[in-house]
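Have a look at input-v4.pdb below; it lists PDB, C-alpha atoms.
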```
ATOM      1  CA  MET A   1      -4.677  43.802  33.200
ATOM      2  CA  TYR A   2      -6.052  44.058  29.715
ATOM      3  CA  LEU A   3      -5.122  45.360  26.294
ATOM      4  CA  TYR A   4      -5.764  49.082  25.831
ATOM      5  CA  ASN A   5      -4.840  49.778  22.213
ATOM      6  CA  VAL A   6      -5.271  47.129  19.519
ATOM      7  CA  LEU A   7      -4.443  47.400  15.818
ATOM      8  CA  VAL A   8      -6.159  45.095  13.345
ATOM      9  CA  SER A   9      -4.504  45.104   9.929
ATOM     10  CA  MET A  10      -6.086  42.403   7.812
ATOM     11  CA  PRO A  11      -9.123  42.113   5.520
ATOM     12  CA  ILE A  12     -12.132  42.692   7.742
ATOM     13  CA  THR A  13     -15.926  43.043   7.591
ATOM     14  CA  GLU A  14     -18.313  44.879   9.889
ATOM     15  CA  GLU A  15     -19.300  41.551  11.415
ATOM     16  CA  TYR A  16     -15.678  40.806  12.268
ATOM     17  CA  LYS A  17     -15.110  44.323  13.601
ATOM     18  CA  HIS A  18     -17.923  43.816  16.092
ATOM     19  CA  GLN A  19     -16.492  40.457  17.140
ATOM     20  CA  LEU A  20     -13.007  41.855  17.750
ATOM     21  CA  ARG A  21     -14.244  44.944  19.600
ATOM     22  CA  ALA A  22     -16.273  42.686  21.875
ATOM     23  CA  ALA A  23     -13.095  40.792  22.780
ATOM     24  CA  VAL A  24     -11.548  43.931  24.339
ATOM     25  CA  PRO A  25     -14.543  45.897  25.645
ATOM     26  CA  ASP A  26     -12.375  48.232  27.726
ATOM     27  CA  GLY A  27      -9.822  48.885  24.989
ATOM     28  CA  ARG A  28      -9.682  50.719  21.684
ATOM     29  CA  VAL A  29      -9.524  48.769  18.434
ATOM     30  CA  THR A  30      -8.177  50.471  15.317
ATOM     31  CA  PHE A  31      -8.694  48.986  11.855
ATOM     32  CA  ALA A  32      -6.018  50.350   9.523
ATOM     33  CA  ARG A  33      -3.141  49.583   7.196
ATOM     34  CA  TYR A  34       0.356  49.983   8.626
ATOM     35  CA  GLU A  35       1.330  52.476   5.919
ATOM     36  CA  ASP A  36      -1.509  54.774   6.942
ATOM     37  CA  LEU A  37      -0.146  55.170  10.496
ATOM     38  CA  ASP A  38       2.763  57.296  11.668
ATOM     39  CA  GLU A  39       5.546  56.106  13.965
ATOM     40  CA  ALA A  40       3.939  57.508  17.115
ATOM     41  CA  GLN A  41       0.693  55.705  16.367
ATOM     42  CA  LEU A  42       2.476  52.442  15.640
ATOM     43  CA  ALA A  43       4.478  52.680  18.866
ATOM     44  CA  ALA A  44       1.304  53.107  20.921
ATOM     45  CA  PHE A  45      -0.278  49.755  20.114
ATOM     46  CA  ASP A  46       0.013  47.010  22.693
ATOM     47  CA  ALA A  47      -1.531  44.324  20.468
ATOM     48  CA  VAL A  48      -1.631  43.669  16.731
ATOM     49  CA  VAL A  49      -3.765  41.317  14.689
ATOM     50  CA  GLY A  50      -1.853  41.019  11.434
ATOM     51  CA  ASN A  51       1.507  40.159   9.940
ATOM     52  CA  PRO A  52       3.635  43.316  10.121
ATOM     53  CA  ASP A  53       6.930  43.267   8.250
ATOM     54  CA  ALA A  54      10.233  43.610  10.095
ATOM     55  CA  LYS A  55      10.477  47.358   9.484
ATOM     56  CA  THR A  56       7.005  47.995  10.878
ATOM     57  CA  LEU A  57       7.514  45.604  13.762
ATOM     58  CA  ALA A  58      10.631  47.499  14.848
ATOM     59  CA  LYS A  59       8.474  50.589  15.412
ATOM     60  CA  MET A  60       6.093  48.737  17.724
ATOM     61  CA  ASN A  61       8.028  48.821  20.966
ATOM     62  CA  ASN A  62       5.083  48.344  23.324
ATOM     63  CA  LEU A  63       3.615  45.148  21.908
ATOM     64  CA  LYS A  64       2.366  42.593  24.399
ATOM     65  CA  LEU A  65       0.482  40.357  21.964
ATOM     66  CA  LEU A  66       1.110  39.677  18.281
ATOM     67  CA  GLN A  67      -1.637  37.634  16.657
ATOM     68  CA  LEU A  68      -0.663  36.498  13.170
ATOM     69  CA  PHE A  69      -3.299  35.729  10.556
ATOM     70  CA  SER A  70      -1.064  33.064   9.010
ATOM     71  CA  SER A  71      -0.654  29.451  10.043
ATOM     72  CA  GLY A  72       3.083  29.425   9.366
ATOM     73  CA  VAL A  73       5.414  31.596  11.416
ATOM     74  CA  ALA A  74       8.260  33.387   9.612
ATOM     75  CA  LYS A  75      11.735  33.555  11.127
ATOM     76  CA  ASP A  76      11.401  37.294  11.861
ATOM     77  CA  TYR A  77       8.596  36.474  14.269
ATOM     78  CA  ILE A  78      10.478  33.573  15.862
ATOM     79  CA  ALA A  79      13.375  35.978  16.503
ATOM     80  CA  LEU A  80      11.079  37.983  18.784
ATOM     81  CA  GLY A  81      11.624  35.285  21.389
ATOM     82  CA  GLN A  82      15.117  36.655  21.923
ATOM     83  CA  ASP A  83      14.433  40.326  21.301
ATOM     84  CA  ARG A  84      11.158  40.575  23.253
ATOM     85  CA  PRO A  85      10.800  37.524  25.485
ATOM     86  CA  GLY A  86       7.691  38.938  27.179
ATOM     87  CA  LEU A  87       5.740  39.181  23.929
ATOM     88  CA  THR A  88       2.974  36.615  23.442
ATOM     89  CA  LEU A  89       3.068  35.361  19.845
ATOM     90  CA  CYS A  90       0.117  33.454  18.396
ATOM     91  CA  SER A  91      -0.501  32.112  14.917
ATOM     92  CA  ALA A  92      -3.725  31.164  13.178
ATOM     93  CA  SER A  93      -2.764  27.509  13.059
ATOM     94  CA  GLY A  94      -5.936  25.461  13.009
ATOM     95  CA  ALA A  95      -7.889  27.898  10.853
ATOM     96  CA  TYR A  96      -6.759  26.638   7.469
ATOM     97  CA  GLY A  97      -7.302  22.882   7.685
ATOM     98  CA  GLN A  98     -10.542  22.712   5.723
ATOM     99  CA  ALA A  99      -9.572  25.043   2.879
ATOM    100  CA  ILE A 100      -6.065  23.752   2.272
ATOM    101  CA  SER A 101      -6.896  20.061   2.679
ATOM    102  CA  GLU A 102      -9.714  20.415   0.136
ATOM    103  CA  HIS A 103      -7.291  22.156  -2.243
ATOM    104  CA  MET A 104      -4.836  19.282  -1.810
ATOM    105  CA  ALA A 105      -7.465  16.639  -2.486
ATOM    106  CA  ALA A 106      -8.777  18.543  -5.508
ATOM    107  CA  THR A 107      -5.354  18.901  -7.123
ATOM    108  CA  LEU A 108      -4.484  15.267  -6.454
ATOM    109  CA  LEU A 109      -7.707  14.061  -8.064
ATOM    110  CA  MET A 110      -7.143  16.425 -10.985
ATOM    111  CA  LEU A 111      -3.731  14.836 -11.574
ATOM    112  CA  MET A 112      -4.961  11.266 -11.098
ATOM    113  CA  LYS A 113      -7.850  11.792 -13.514
ATOM    114  CA  ARG A 114      -5.676  13.804 -15.953
ATOM    115  CA  LEU A 115      -8.168  16.648 -15.919
ATOM    116  CA  HIS A 116      -5.385  19.200 -16.385
ATOM    117  CA  GLU A 117      -4.510  17.532 -19.691
ATOM    118  CA  TYR A 118      -8.100  17.751 -20.908
ATOM    119  CA  ARG A 119      -8.271  21.392 -19.829
ATOM    120  CA  ASP A 120      -5.104  22.116 -21.829
ATOM    121  CA  ALA A 121      -6.476  20.207 -24.836
ATOM    122  CA  MET A 122      -9.473  22.547 -24.967
ATOM    123  CA  ALA A 123      -7.224  25.315 -26.316
ATOM    124  CA  ASN A 124      -6.772  23.216 -29.476
ATOM    125  CA  ALA A 125     -10.339  21.862 -29.531
ATOM    126  CA  ALA A 126      -8.744  18.413 -29.260
ATOM    127  CA  TRP A 127     -11.361  15.701 -28.727
ATOM    128  CA  GLY A 128      -9.728  12.444 -27.634
ATOM    129  CA  SER A 129      -8.755  10.202 -24.784
ATOM    130  CA  ARG A 130      -5.677  11.006 -22.714
ATOM    131  CA  GLY A 131      -5.297   7.409 -21.569
ATOM    132  CA  SER A 132      -5.618   5.536 -18.301
ATOM    133  CA  VAL A 133      -6.261   7.235 -14.981
ATOM    134  CA  GLU A 134      -5.645   6.484 -11.300
ATOM    135  CA  THR A 135      -7.781   6.262  -8.174
ATOM    136  CA  PRO A 136      -7.081   7.161  -4.538
ATOM    137  CA  VAL A 137      -8.781   3.936  -3.444
ATOM    138  CA  GLY A 138      -6.199   1.593  -1.959
ATOM    139  CA  LYS A 139      -3.349   4.078  -2.329
ATOM    140  CA  THR A 140      -0.895   4.828   0.476
ATOM    141  CA  VAL A 141      -0.759   8.541   1.268
ATOM    142  CA  LEU A 142       2.197   9.785   3.308
ATOM    143  CA  VAL A 143       1.532  13.152   4.954
ATOM    144  CA  VAL A 144       4.734  14.882   6.054
ATOM    145  CA  GLY A 145       3.617  17.381   8.655
ATOM    146  CA  ALA A 146       0.617  15.983  10.502
ATOM    147  CA  GLY A 147      -0.618  19.231  12.023
ATOM    148  CA  SER A 148      -4.107  20.623  11.543
ATOM    149  CA  ILE A 149      -3.800  20.865   7.751
ATOM    150  CA  GLY A 150      -2.144  17.471   7.329
ATOM    151  CA  THR A 151      -4.670  15.850   9.658
ATOM    152  CA  ALA A 152      -7.605  17.308   7.722
ATOM    153  CA  PHE A 153      -6.095  16.051   4.450
ATOM    154  CA  GLY A 154      -5.483  12.627   5.954
ATOM    155  CA  GLY A 155      -9.127  12.438   6.976
ATOM    156  CA  LEU A 156     -10.313  13.350   3.485
ATOM    157  CA  MET A 157      -8.094  10.731   1.904
ATOM    158  CA  GLN A 158      -9.333   8.079   4.314
ATOM    159  CA  LYS A 159     -12.875   8.848   3.168
ATOM    160  CA  LEU A 160     -11.693   8.374  -0.430
ATOM    161  CA  GLY A 161     -10.379   4.913   0.409
ATOM    162  CA  SER A 162      -6.679   5.602   0.939
ATOM    163  CA  LYS A 163      -4.390   4.314   3.657
ATOM    164  CA  THR A 164      -2.916   7.340   5.394
ATOM    165  CA  ILE A 165       0.374   7.643   7.252
ATOM    166  CA  GLY A 166       1.223  10.808   9.172
ATOM    167  CA  LEU A 167       4.672  12.076  10.119
ATOM    168  CA  ARG A 168       5.175  14.577  12.916
ATOM    169  CA  ARG A 169       8.031  15.736  15.147
ATOM    170  CA  GLN A 170       6.918  13.586  18.033
ATOM    171  CA  LYS A 171       4.130  11.159  18.751
ATOM    172  CA  ASP A 172       1.415  12.498  21.021
ATOM    173  CA  GLY A 173      -1.078   9.647  20.898
ATOM    174  CA  ASN A 174      -3.376  11.455  18.457
ATOM    175  CA  THR A 175      -4.023   9.390  15.325
ATOM    176  CA  GLU A 176      -7.020  11.312  13.948
ATOM    177  CA  GLY A 177      -6.956  11.247  10.157
ATOM    178  CA  PHE A 178      -4.317   8.532   9.962
ATOM    179  CA  ASP A 179      -4.042   4.768   9.941
ATOM    180  CA  GLU A 180      -0.479   5.122  11.225
ATOM    181  CA  VAL A 181       1.534   7.933  12.805
ATOM    182  CA  HIS A 182       5.325   7.979  12.937
ATOM    183  CA  THR A 183       8.029  10.474  13.730
ATOM    184  CA  ILE A 184       9.721  12.471  10.994
ATOM    185  CA  ASP A 185      12.927  10.450  11.269
ATOM    186  CA  GLN A 186      11.097   7.603   9.512
ATOM    187  CA  LEU A 187      10.730   9.622   6.302
ATOM    188  CA  ASP A 188      13.369   7.779   4.273
ATOM    189  CA  HIS A 189      11.941   4.414   5.298
ATOM    190  CA  LEU A 190       8.393   5.360   4.329
ATOM    191  CA  LEU A 191       8.960   7.275   1.066
ATOM    192  CA  PRO A 192       9.335   4.113  -1.088
ATOM    193  CA  GLN A 193       6.003   2.804   0.240
ATOM    194  CA  ALA A 194       3.935   5.869  -0.624
ATOM    195  CA  ASP A 195       1.829   6.414  -3.726
ATOM    196  CA  VAL A 196       1.290  10.025  -2.667
ATOM    197  CA  VAL A 197       3.646  12.208  -0.632
ATOM    198  CA  ALA A 198       2.082  15.399   0.713
ATOM    199  CA  LEU A 199       4.055  18.103   2.509
ATOM    200  CA  SER A 200       2.401  20.484   4.959
ATOM    201  CA  LEU A 201       5.368  21.822   6.889
ATOM    202  CA  PRO A 202       6.292  25.212   8.337
ATOM    203  CA  GLU A 203       9.687  26.702   7.555
ATOM    204  CA  THR A 204      12.188  25.787  10.244
ATOM    205  CA  PRO A 205      15.902  24.964  10.053
ATOM    206  CA  GLN A 206      14.910  21.287  10.111
ATOM    207  CA  THR A 207      12.428  21.493   7.217
ATOM    208  CA  ILE A 208      14.431  23.571   4.728
ATOM    209  CA  GLY A 209      15.443  21.290   1.859
ATOM    210  CA  ILE A 210      13.823  18.236   3.419
ATOM    211  CA  MET A 211      12.736  17.008  -0.019
ATOM    212  CA  SER A 212      16.144  16.717  -1.653
ATOM    213  CA  ALA A 213      17.188  14.945  -4.843
ATOM    214  CA  ALA A 214      18.084  11.915  -2.753
ATOM    215  CA  ARG A 215      14.609  11.790  -1.258
ATOM    216  CA  PHE A 216      12.849  12.223  -4.588
ATOM    217  CA  SER A 217      14.890   9.241  -5.778
ATOM    218  CA  LEU A 218      13.403   7.193  -2.933
ATOM    219  CA  MET A 219       9.829   7.851  -4.045
ATOM    220  CA  LYS A 220       7.908   5.086  -5.754
ATOM    221  CA  PRO A 221       7.910   5.316  -9.581
ATOM    222  CA  GLY A 222       4.604   6.732 -10.768
ATOM    223  CA  SER A 223       3.803   8.403  -7.453
ATOM    224  CA  TYR A 224       2.438  11.888  -6.817
ATOM    225  CA  PHE A 225       3.865  14.800  -4.820
ATOM    226  CA  LEU A 226       2.035  17.704  -3.164
ATOM    227  CA  ASN A 227       3.395  20.718  -1.267
ATOM    228  CA  VAL A 228       1.268  23.334   0.497
ATOM    229  CA  GLY A 229       3.637  24.252   3.340
ATOM    230  CA  ARG A 230       6.667  26.301   2.331
ATOM    231  CA  GLY A 231       8.578  26.265  -0.935
ATOM    232  CA  SER A 232      11.875  26.110   0.950
ATOM    233  CA  ALA A 233      11.122  22.488   1.887
ATOM    234  CA  VAL A 234      11.707  21.366  -1.699
ATOM    235  CA  ASP A 235      14.738  21.225  -3.985
ATOM    236  CA  GLN A 236      12.895  22.597  -7.019
ATOM    237  CA  ASP A 237      15.532  21.433  -9.516
ATOM    238  CA  ALA A 238      15.204  17.916  -8.122
ATOM    239  CA  LEU A 239      11.413  18.141  -8.376
ATOM    240  CA  LEU A 240      11.674  19.181 -12.015
ATOM    241  CA  GLU A 241      14.003  16.286 -12.751
ATOM    242  CA  ALA A 242      11.687  13.795 -11.031
ATOM    243  CA  LEU A 243       8.756  15.082 -13.100
ATOM    244  CA  ALA A 244      10.630  15.274 -16.406
ATOM    245  CA  SER A 245      12.080  11.778 -15.997
ATOM    246  CA  GLY A 246       8.662  10.297 -15.300
ATOM    247  CA  ARG A 247       9.588   9.077 -11.850
ATOM    248  CA  LEU A 248       6.700  11.170 -10.588
ATOM    249  CA  ALA A 249       3.378  10.846 -12.379
ATOM    250  CA  GLY A 250       2.538  14.372 -11.305
ATOM    251  CA  ALA A 251       2.915  17.049  -8.677
ATOM    252  CA  ALA A 252       0.890  19.953  -7.330
ATOM    253  CA  ILE A 253       2.583  22.793  -5.478
ATOM    254  CA  ASP A 254       1.041  25.915  -3.980
ATOM    255  CA  VAL A 255       4.347  27.338  -2.709
ATOM    256  CA  THR A 256       7.668  28.116  -4.377
ATOM    257  CA  VAL A 257      11.016  29.838  -3.892
ATOM    258  CA  PRO A 258      10.917  32.691  -4.611
ATOM    259  CA  GLU A 259       7.376  34.025  -4.498
ATOM    260  CA  PRO A 260       6.171  35.294  -6.874
ATOM    261  CA  LEU A 261       7.858  32.765  -9.128
ATOM    262  CA  PRO A 262       9.682  34.474 -12.029
ATOM    263  CA  ARG A 263       7.862  34.249 -15.356
ATOM    264  CA  ASP A 264      10.785  32.457 -17.008
ATOM    265  CA  HIS A 265      11.099  29.735 -14.354
ATOM    266  CA  PRO A 266      10.882  26.205 -15.854
ATOM    267  CA  LEU A 267       8.300  25.137 -13.259
ATOM    268  CA  TRP A 268       5.695  27.122 -15.214
ATOM    269  CA  ARG A 269       6.259  24.965 -18.292
ATOM    270  CA  GLN A 270       6.346  21.501 -16.687
ATOM    271  CA  GLN A 271       3.444  19.572 -18.202
ATOM    272  CA  ASN A 272       2.700  17.180 -15.322
ATOM    273  CA  LEU A 273       2.780  19.907 -12.679
ATOM    274  CA  LEU A 274      -0.090  21.935 -11.233
ATOM    275  CA  LEU A 275       1.259  25.211  -9.871
ATOM    276  CA  THR A 276      -0.926  27.621  -7.916
ATOM    277  CA  PRO A 277       0.272  30.984  -6.502
ATOM    278  CA  HIS A 278       0.031  30.321  -2.743
ATOM    279  CA  ILE A 279      -3.766  30.599  -2.734
ATOM    280  CA  SER A 280      -4.873  27.338  -1.102
ATOM    281  CA  GLY A 281      -5.471  29.162   2.169
ATOM    282  CA  TYR A 282      -5.909  32.919   2.553
ATOM    283  CA  TYR A 283      -9.584  33.968   2.895
ATOM    284  CA  HIS A 284     -11.013  32.517  -0.287
ATOM    285  CA  LEU A 285     -13.167  30.231   1.873
ATOM    286  CA  LYS A 286     -15.327  32.148   4.341
ATOM    287  CA  ALA A 287     -14.938  29.408   6.945
ATOM    288  CA  THR A 288     -11.214  30.198   7.025
ATOM    289  CA  HIS A 289     -11.826  33.911   7.569
ATOM    290  CA  ASP A 290     -14.308  33.094  10.330
ATOM    291  CA  ALA A 291     -11.793  30.833  12.046
ATOM    292  CA  VAL A 292      -8.908  33.332  11.865
ATOM    293  CA  VAL A 293     -11.015  36.088  13.395
ATOM    294  CA  GLY A 294     -12.331  33.661  16.000
ATOM    295  CA  ILE A 295      -8.800  32.741  17.077
ATOM    296  CA  ALA A 296      -7.809  36.406  17.221
ATOM    297  CA  ALA A 297     -10.865  37.365  19.294
ATOM    298  CA  HIS A 298     -10.233  34.522  21.730
ATOM    299  CA  ASN A 299      -6.596  35.440  22.224
ATOM    300  CA  LEU A 300      -7.287  39.155  22.661
ATOM    301  CA  ALA A 301      -9.775  38.315  25.399
ATOM    302  CA  ALA A 302      -7.453  35.725  26.966
ATOM    303  CA  TRP A 303      -4.457  38.019  27.396
ATOM    304  CA  PRO A 304      -2.431  37.992  29.654
ATOM    305  CA  ASN A 305      -3.103  34.692  31.417
ATOM    306  CA  GLY A 306      -4.477  32.554  28.614
ATOM    307  CA  PRO A 307      -5.099  29.875  27.729
ATOM    308  CA  PHE A 308      -4.321  30.908  24.150
ATOM    309  CA  ILE A 309      -5.162  29.229  20.871
ATOM    310  CA  SER A 310      -2.101  28.443  18.744
ATOM    311  CA  ARG A 311       0.449  30.217  20.920
ATOM    312  CA  VAL A 312       3.845  29.840  19.253
ATOM    313  CA  ASP A 313       6.730  28.085  20.950
ATOM    314  CA  TYR A 314       9.729  30.306  20.194
ATOM    315  CA  GLN A 315      12.090  27.337  20.411
ATOM    316  CA  THR A 316      10.401  25.181  17.777
ATOM    317  CA  GLY A 317       8.291  27.577  15.716
ATOM    318  CA  TYR A 318       5.273  25.319  16.211
ATOM    319  CA  ARG A 319       2.192  25.959  18.313
ATOM    320  CA  GLN A 320       2.555  24.873  21.898
ATOM    321  CA  LYS A 321       0.085  22.974  23.994
ATOM    322  CA  GLU A 322      -1.799  25.155  26.445
ATOM    323  CA  THR A 323      -3.107  23.940  29.743
ATOM    324  CA  GLY A 324      -6.743  24.705  30.367
ATOM    325  CA  ARG A 325      -7.858  23.932  26.807
TER     326      ARG A 325
END
```

I'd like the structure from this file rewritten - as structure tokens, please.
Amino acid sequence: MYLYNVLVSMPITEEYKHQLRAAVPDGRVTFARYEDLDEAQLAAFDAVVGNPDAKTLAKMNNLKLLQLFSSGVAKDYIALGQDRPGLTLCSASGAYGQAISEHMAATLLMLMKRLHEYRDAMANAAWGSRGSVETPVGKTVLVVGAGSIGTAFGGLMQKLGSKTIGLRRQKDGNTEGFDEVHTIDQLDHLLPQADVVALSLPETPQTIGIMSAARFSLMKPGSYFLNVGRGSAVDQDALLEALASGRLAGAAIDVTVPEPLPRDHPLWRQQNLLLTPHISGYYHLKATHDAVVGIAAHNLAAWPNGPFISRVDYQTGYRQKETGR
């Protein structure tokens, strides 16, 4: 068995087209936008590389493989486990570690060195010191969500002289990137010890609102907060209060609720906050694009028996371990 009719709907180059066609040499690969296809064409595909919305997905009744280009997996895709239990769902988890971890480190250093304040001062041609700065050397960095992105960030921070602690759903013996690894139920115990708290979590029922007002109150005074996972993990009003009160020295967030963030939202005006519009990943770094296409090509060729890269466990929303890899 193999895939006969594959749709690829994502930014693509000729190089990538060749790579994906080679993965299904006996099938047909179409490169198109969903809106340019009629219902009959959509219904004919047995595999998709892309992130179709719920309306489009409902028209694709013959899907056997859905390969997302995102690392996170939205609830509409998780619901496919009940609606279409035979559908193989894969994410691009593992492709974004380099790009997003570098973004995290860059924003943290920008806050610690007060570079955002100097950038703002340029508008007024204001020459002058903004005061003392911080260093990552000797700091304790708590990474909540020690998957591929969190692990890559932990490794970078170790190289910068930080002590790194990773939190994940369950221990698996892998401590790469971390001096310590604990389970997520230790969050409240570890928050007061951390100089930096960095979230890299998918959206699941367990992660929504995980950083509440109570948890921000547990953070060490003068600490820093980063979020590159999902905006739903954070009580944004509580974050604003922690920043405005000075409990947090600074924060950098790449995700919000909603997205796009309304122009009149107070987050835009918070001085000790760096806010970026969910751009830490995507394909801004070619290595990320290469990795996403590589995962997709592997999984197209591996269907139906696998092993797959980043196959999604419908029960947890996380990637499952595959035998044979």

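For the set A:Arg21, A:Lys113, A:His182, A:Arg119, the residue with the smallest atom-to-atom gap to A:Glu134 is A:Lys113, counting only C-alpha atoms.
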
Considering all atoms listed in the file, return as a PyMOL selection string whatever protein or nucleic-acid residues lie within 6 Å of stretch 285-299 of chain A, sequence-local ones (same chain, fewer than 6 positions apart) excluded.
-> chain A and resi 20+23+92+95-96+308

Tell me which protein, DNA and RNA residues are within 12 Å of A:Met112, counting all atoms listed in the file, leaving out same-chain ones fewer than 6 positions away, and put them as a ChimeraX atom specification.
-> /A:105-106,130-137,139,195-196,222-225,248-252,272-274

Between A:Leu80, A:Leu267, A:Leu87, A:Met10, which is the closest to A:Leu68 once you count all atoms listed in the file?
-> A:Met10

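All residues of protein, DNA or RNA that reach within 8 Å of A:Gln67, judged by only C-alpha atoms and not counting those fewer than 2 positions away in the chain, are Ala47, Val48, Val49, Gly50, Asn51, Leu65, Phe69, Leu89, Cys90, Ser91, Ala92, Ala296 and Asn299 of chain A.
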
Hey, what's within 8 Å of stretch 255-262 of chain A if we count all atoms listed in the file and toss same-chain stuff fewer than 3 positions away? As a VMD selection string, please?
-> chain A and resid 227 to 232 265 276 to 278

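When all atoms listed in the file are used to measure the gap to A:Gln315, the shortest distance among A:Leu300, A:Ala32, A:Ala43, A:Ile78 belongs to A:Ile78.
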
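Interatomic distance, atom CA of A:Leu37 against atom CA of A:Gly81: 25.5 Å.
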
Pairwise distance for atom CA of A:Ile279 and atom CA of A:Ser217, rounded to one decimal in Å = 28.5 Å

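Near A:Ser101, within a cut-off of 8 Å and counting all atoms listed in the file, sit the residues Gly97, Gln98, Ala99, His103, Met104, Ala105, Ile149, Gly150, Ala152, Phe153 and Leu156 of chain A, with same-chain residues fewer than 2 positions away left out.
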
Hits from the PyMOL selection byres ((chain A and resi 200-206) around 8), listed as a list in words = Gly72, Val73, Ala74, Lys75, Val143, Val144, Gly145, Ala146, Gly147, Ile149, Gly150, Ala198, Leu199, Thr207, Ile208, Ile210, Asn227, Val228, Gly229, Arg230, Ser232, Ala233, Thr316, Gly317 and Tyr318 of chain A

Those same residues, written as a PDB file, keeping the file's coordinate frame with C-alpha atoms?
```pdb
ATOM      1  CA  GLY A  72       3.083  29.425   9.366  1.00  0.00           C
ATOM      2  CA  VAL A  73       5.414  31.596  11.416  1.00  0.00           C
ATOM      3  CA  ALA A  74       8.260  33.387   9.612  1.00  0.00           C
ATOM      4  CA  LYS A  75      11.735  33.555  11.127  1.00  0.00           C
ATOM      5  CA  VAL A 143       1.532  13.152   4.954  1.00  0.00           C
ATOM      6  CA  VAL A 144       4.734  14.882   6.054  1.00  0.00           C
ATOM      7  CA  GLY A 145       3.617  17.381   8.655  1.00  0.00           C
ATOM      8  CA  ALA A 146       0.617  15.983  10.502  1.00  0.00           C
ATOM      9  CA  GLY A 147      -0.618  19.231  12.023  1.00  0.00           C
ATOM     10  CA  ILE A 149      -3.800  20.865   7.751  1.00  0.00           C
ATOM     11  CA  GLY A 150      -2.144  17.471   7.329  1.00  0.00           C
ATOM     12  CA  ALA A 198       2.082  15.399   0.713  1.00  0.00           C
ATOM     13  CA  LEU A 199       4.055  18.103   2.509  1.00  0.00           C
ATOM     14  CA  THR A 207      12.428  21.493   7.217  1.00  0.00           C
ATOM     15  CA  ILE A 208      14.431  23.571   4.728  1.00  0.00           C
ATOM     16  CA  ILE A 210      13.823  18.236   3.419  1.00  0.00           C
ATOM     17  CA  ASN A 227       3.395  20.718  -1.267  1.00  0.00           C
ATOM     18  CA  VAL A 228       1.268  23.334   0.497  1.00  0.00           C
ATOM     19  CA  GLY A 229       3.637  24.252   3.340  1.00  0.00           C
ATOM     20  CA  ARG A 230       6.667  26.301   2.331  1.00  0.00           C
ATOM     21  CA  SER A 232      11.875  26.110   0.950  1.00  0.00           C
ATOM     22  CA  ALA A 233      11.122  22.488   1.887  1.00  0.00           C
ATOM     23  CA  THR A 316      10.401  25.181  17.777  1.00  0.00           C
ATOM     24  CA  GLY A 317       8.291  27.577  15.716  1.00  0.00           C
ATOM     25  CA  TYR A 318       5.273  25.319  16.211  1.00  0.00           C
TER      26      TYR A 318
END
```

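Across A:Arg168, A:Asp83, A:Gly281, A:Val8, the tightest approach to A:Pro52 is made by A:Val8 when counting all atoms listed in the file.
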
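Distances from A:Ser71, A:Met110, A:Ile12, A:Val6 to A:Leu42 were compared using all atoms listed in the file, and the smallest one belongs to A:Val6.
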
Can you give me, as an NGL selection string, the residues this file yields under the PyMOL selection byres ((chain A and resi 219) around 6)?
-> :A and (191-192 or 216-218 or 220)

Between A:Thr164, A:Gln271, A:Asn174, A:Asn124, single out the one closest to A:Leu240, counting only C-alpha atoms.
-> A:Gln271

What is the atom CA of A:Glu180-atom CA of A:Gly246 distance in Å, reported with one decimal?
-> 28.5 Å

Apply the PyMOL selection byres ((chain A and resi 177) around 7) to the file shown and report the selected residues as a PyMOL selection string.
-> chain A and resi 151-152+154-155+175-176+178
